[in-house]
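To start, the structure itself, in structure tokens.
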Amino acid sequence: QDVSIDNNPVAKASWYAVEAFGKLFAPSTAQEAGNKGQLINIDTNKAPSSIQETLQRIQLDNDRSYFLSGEVDKLIYDEECIFSDPFVAFAGRDRFVDNLQNLGSFITEYDAKMVDYEVNEEDSIVQTKVMVKLELNLPWKPILAWPWGVTYAVDGETFLVTDHKESWDIEPLEGVKQIFRKPTLKIKKRVD
């Protein structure tokens with residue numbers, strides 16, 4: 001289900017084209033971490049049982065660059081979570097997870113550096129800012145690069161993310177234009 005956002009029709013069409021392209025090339029197919037000195041046992045096969053666990057699982061997702069790798073902890077999101085970016089907004093965790101996994105097959109290289117990570121436990125909000133560079137799996141190997149942020153709103157009763165709002169420090173149409181330009185940047189090869 002799409003949520004209406006008034007945008008440039010060319011930019012919006014490009015977003016849907018990338019989503020469809022990702023589906024075309026998609027593959028067919030308990031952690032522990034510290035939080036303020038405490039060790040919380042995390043079972044990613046279950047929804048979080050506390051706000052602290054949700055916040056920790058958001059951090060773990062960011063540590064593995066979930067938005068580029070496609071490796072996302074889907075159970076921290078409400079099934080009807082609203083996902084939005086400068087192009088479009090929609091409700092539905094499964095669509096978001098599919099899009100991330102499909103996007104991962106569309107990216108050949110990436111580099112992500114956390115610039116800012118703020119947690120407001122009182123309001124159950126996490127705000128991130130990451131400098132992202134990614135190379136797309138197209139013949140001319142375009143590189144997209146800009147600061148990218150996400151605001152996560154967590155429901156205090158269910159401990160689930162109910163709103164995942166992306167922001168880009170670039171005009172959406174300028175971001176789309178980067179797809180069609182010859183790259184001027186390089187990405188350091190990751191060593192996994």
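Labels for the structure tokens follow display order: chains A, B, ..., residues from 1 in each chain, ligands from 1.
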
| Could you name the residues that touch Glu53 in chain A at 9 Å or less, counting only C-alpha atoms, but leaving out those on the same chain fewer than 4 positions away, as number ranges by chain? | A: 35, 40-42, 48-49, 57-58, 159

| query | Within 9 Å of Ser50 in chain A, counting only C-alpha atoms, which residues qualify if same-chain residues fewer than 5 places away don't, as a list in words? | reply | Leu55, Gly156, Glu157, Thr158 and Phe159 of chain A

| So how many Å separate CA of Ile179 in chain A and CA of Phe87 in chain A, to one decimal? | 15.0 Å

| Near His164 in chain A, within 7 Å and counting only C-alpha atoms, which residues show up once chain neighbours fewer than 3 positions away are dropped, as number ranges by chain? | A: 82-84, 150-153

Export C-alpha atoms of the chosen residues as a PDB file, in the first residue's frame?
ATOM      1  CA  ILE A  82       5.512   3.394   7.316  1.00  0.00           C
ATOM      2  CA  PHE A  83       8.688   3.523   5.230  1.00  0.00           C
ATOM      3  CA  SER A  84       9.451   6.765   3.431  1.00  0.00           C
ATOM      4  CA  VAL A 150      17.046   7.697   8.942  1.00  0.00           C
ATOM      5  CA  THR A 151      14.703   8.616  11.768  1.00  0.00           C
ATOM      6  CA  TYR A 152      13.246   5.572  13.503  1.00  0.00           C
ATOM      7  CA  ALA A 153      10.167   6.018  15.704  1.00  0.00           C
TER       8      ALA A 153
END

| field | Residue contacts of Leu75 in chain A (10 Å, only C-alpha atoms) excluding same-chain residues fewer than 6 positions away, as a list in words | value |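 Residues meeting the cut-off are Asp43, Thr44, Asn45, Lys46, Ala47, Pro48, Thr54, Arg57, Arg93, Leu160 and Val161 of chain A.
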